[in-house]
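Novice: Right, I'll just put the structure down here and ask away after.
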Amino acid sequence: MIVLEYLLLFFLVMSAIMAVIFDEELISIIFLSIFSIILTAIYLIYRAADVALAEAVIGAGLNTAIFMSAISQIRKGKS
Amino acid sequence: MKQKLQHIIVIIILTISGAAVFFNLKVMTIYKDIPGGISRYIISFGLQDTGSLNLVTAILYDYRAFDSMGESTVIFGAVSGIVLILSRKMLPVSSKGLSFIVKRTLGIMTPFIALFSIYVITHGHLTPGGGFQGGVILAAISIIFSIVYGSAFDYKRYSPQMKTVMETTGALMFISIGVLGVFFEGFFLDNLNFLGGKPGTLLSAGSIPIINLGIGLKVGAGLAIIFYSMIQKTFREEL
């Protein structure tokens with residue numbers, strides 16, 4: 001179990017770095033969504049089911065949709 | 001004359017509520033000398049006090065219910081600000097939506113998502129979850145409608161006026177449970193213990209399921225309004 005925990009933490013940090021590095025906004029949003037899903041698994045390992053449910057619903061579902069609509073508005077303004 | 005009457009009524013209400021706050025704060029000091037701190041007390045006596053198996057919900061909607069009321073006020077303020085800035089008119093503006101396969105697949109899946117959200121809201125005092133998480137899943141249904149079927153479909157099924165009514169109903173349920181607590185138990189937002197059944201059944205834990213339902217309605221409708229007002233402006237500029 002401890003190996004899985006360290007592996008997930010490593011992927012968490014990697015996905016956060018990936019989200020910062022890329023210039024394209026769409027790829028950053030997808031990596032933020034992956035970050036939320038890995039964070040949900042880590043919360044489940046630490047037995048915080050309440051926080052895991054909130055993180056899965058808000059981080060992976062709602063944030064992605066709202067960021068997508070905001071990004072589409074910004075692109076309309078540029079062109 | 002009318003204004004003078006208004007002033008007198010306001011002064012009376014402020015005096016009564018100030019006295020209520022003062023006496024509540026005076027009584028609160030009995031929590032000071034507990035061996036092992038407040039967390040030890042909640043873990044040992046939480047089930048006995050509230051009748052809720054899920055201790056996180058017991059803290060959120062019973063011990064620290066005033067805090068949750070502040071959070072829901074913050075959500076209300078955010079919704080008001082975003083609607084004021086982003087959406088000038090509540091018009092049905094349509095996009096085409098996605099392909100036929102996606103529409104059929106999500107048509108089968110959406111009732112189960114709604115069922116899961118209602119399960120999370122109503123079983124908030126028994127299993128992990130609660131009003132906030134279930135409400136966000138409820139808002140996800142509205143987001144699916146506006147992305148997959150086009151926002152005119154979302155406008156026809158759940159119009160923004162109906163969402164406003166739902167949000168106000170949720171907030172009024174929370175506040176009225178708090179005021180009932182003053183009359184029956186003596187404190188604002190105290191748990192109504194005479195409603196409680198056997199711990200572990202669906203209708204137990206006093207007023208916690210009712211507060212869960214109110215918070216779920218409020219959060220779901222509020223986040224749906226935020227998403228609807230954002231996507232509406234996007235598609236109006238496109239047309």
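Scheme for the structure tokens: letters A, B, ... for chains in order shown; per-chain residue numbers from 1; ligand numbers from 1 in order shown.
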DSSP on the backbone: which residues in chain A end up as alpha helix (DSSP H)? Give the answer as number ranges by chain.

Specialist: A: 2-21, 25-45, 49-55, 63-78

Novice: Do you have, as a Markdown table, the list of residues of chain B lying at most 9 Å from chain A, each with its nearest atom pair and that distance in Å to one decimal, counting only C-alpha atoms and ordered by chain then number?

Specialist:
| residue | atom | partner | partner_atom | distance |
| --- | --- | --- | --- | --- |
| B:Val56 | CA | A:Asp50 | CA | 7.8 |
| B:Thr127 | CA | A:Asp50 | CA | 8.9 |
| B:Pro128 | CA | A:Asp50 | CA | 5.1 |
| B:Gly129 | CA | A:Asp50 | CA | 5.4 |
| B:Gly130 | CA | A:Asp50 | CA | 8.2 |
| B:Phe132 | CA | A:Ala54 | CA | 7.9 |
| B:Gln133 | CA | A:Ala54 | CA | 5.4 |
| B:Gly134 | CA | A:Ala54 | CA | 8.9 |
| B:Val136 | CA | A:Val57 | CA | 6.8 |
| B:Ile137 | CA | A:Val57 | CA | 6.6 |
| B:Ala139 | CA | A:Leu62 | CA | 8.4 |
| B:Ala140 | CA | A:Leu62 | CA | 6.9 |
| B:Ile143 | CA | A:Ala65 | CA | 7.7 |
| B:Leu223 | CA | A:Leu62 | CA | 8.8 |
| B:Ile226 | CA | A:Ile66 | CA | 8.7 |
| B:Phe227 | CA | A:Ile66 | CA | 6.5 |
| B:Met230 | CA | A:Ser69 | CA | 6.8 |
| B:Ile231 | CA | A:Ser69 | CA | 6.1 |
| B:Lys233 | CA | A:Gln73 | CA | 8.1 |
| B:Thr234 | CA | A:Gln73 | CA | 5.6 |
| B:Glu237 | CA | A:Lys76 | CA | 8.0 |
| B:Glu238 | CA | A:Lys76 | CA | 8.1 |

Novice: What would the file look like if the residues just selected were written as a PDB file, in the first residue's frame with C-alpha atoms?

Specialist:
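Output file selection-v8.pdb follows:
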ATOM      1  CA  VAL B  56     -18.456  14.993   9.467  1.00  0.00           C
ATOM      2  CA  THR B 127     -22.856   7.492   4.510  1.00  0.00           C
ATOM      3  CA  PRO B 128     -20.086   9.793   3.226  1.00  0.00           C
ATOM      4  CA  GLY B 129     -21.440  12.757   1.347  1.00  0.00           C
ATOM      5  CA  GLY B 130     -24.004  15.351   2.241  1.00  0.00           C
ATOM      6  CA  PHE B 132     -22.842  20.086  -0.742  1.00  0.00           C
ATOM      7  CA  GLN B 133     -21.512  17.104  -2.711  1.00  0.00           C
ATOM      8  CA  GLY B 134     -24.977  15.955  -3.783  1.00  0.00           C
ATOM      9  CA  VAL B 136     -22.821  19.696  -7.108  1.00  0.00           C
ATOM     10  CA  ILE B 137     -23.822  16.387  -8.764  1.00  0.00           C
ATOM     11  CA  ALA B 139     -25.683  20.900 -10.985  1.00  0.00           C
ATOM     12  CA  ALA B 140     -23.740  18.485 -13.238  1.00  0.00           C
ATOM     13  CA  ILE B 143     -24.268  21.209 -17.267  1.00  0.00           C
ATOM     14  CA  LEU B 223     -23.880  26.389  -9.556  1.00  0.00           C
ATOM     15  CA  ILE B 226     -23.395  30.235 -12.730  1.00  0.00           C
ATOM     16  CA  PHE B 227     -22.710  27.796 -15.584  1.00  0.00           C
ATOM     17  CA  MET B 230     -21.420  31.864 -18.582  1.00  0.00           C
ATOM     18  CA  ILE B 231     -22.312  29.602 -21.510  1.00  0.00           C
ATOM     19  CA  LYS B 233     -22.904  34.810 -23.383  1.00  0.00           C
ATOM     20  CA  THR B 234     -20.510  32.515 -25.269  1.00  0.00           C
ATOM     21  CA  GLU B 237     -21.619  36.226 -29.507  1.00  0.00           C
ATOM     22  CA  GLU B 238     -21.208  33.285 -31.849  1.00  0.00           C
TER      23      GLU B 238
END

Novice: Find the residues near range 68-74 of chain B: any atom within 12 Å, counting only C-alpha atoms, skip ones fewer than 3 places away on the same chain, and give them as an MDAnalysis selection string.

Specialist: chainID B and resid 57:65 77:81 131:132 135 167:168 170:178 188:189 211:212 214:220 222:223

Novice: Please report the interatomic distance between CA of Arg104 in chain B and CA of Ser117 in chain B in Å with one decimal.

Specialist: 20.8 Å

Novice: When you draw a straight line from CA of Ile208 in chain B to CA of Gly124 in chain B, how long is it in Å?

Specialist: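 Going from CA of Ile208 in chain B over to CA of Gly124 in chain B, I get 8.4 Å.
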
Novice: At a cut-off of 6 Å, using only C-alpha atoms, what residues contact Phe31 in chain A? Leave out same-chain residues fewer than 3 positions from it and give the result as a ChimeraX atom specification.

Specialist: /A:15,19,28,34

Novice: Please produce an output containing N, CA and C atoms for each residue in the selection, written as a PDB file, in the first residue's frame.

Specialist:
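Saved result, again.pdb, follows:
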ATOM      1  N   SER A  15       1.803  15.718 -12.647  1.00  0.00           N
ATOM      2  CA  SER A  15       0.680  16.324 -13.375  1.00  0.00           C
ATOM      3  C   SER A  15       0.548  17.807 -13.049  1.00  0.00           C
ATOM      4  N   ALA A  19       0.754  20.772 -15.830  1.00  0.00           N
ATOM      5  CA  ALA A  19      -0.286  21.789 -15.993  1.00  0.00           C
ATOM      6  C   ALA A  19       0.317  23.183 -16.043  1.00  0.00           C
ATOM      7  N   SER A  28      -3.628  22.355 -20.283  1.00  0.00           N
ATOM      8  CA  SER A  28      -3.495  22.637 -18.855  1.00  0.00           C
ATOM      9  C   SER A  28      -4.755  22.231 -18.109  1.00  0.00           C
ATOM     10  N   ILE A  34      -6.763  15.611 -14.416  1.00  0.00           N
ATOM     11  CA  ILE A  34      -6.021  14.409 -14.003  1.00  0.00           C
ATOM     12  C   ILE A  34      -5.500  14.567 -12.576  1.00  0.00           C
TER      13      ILE A  34
END
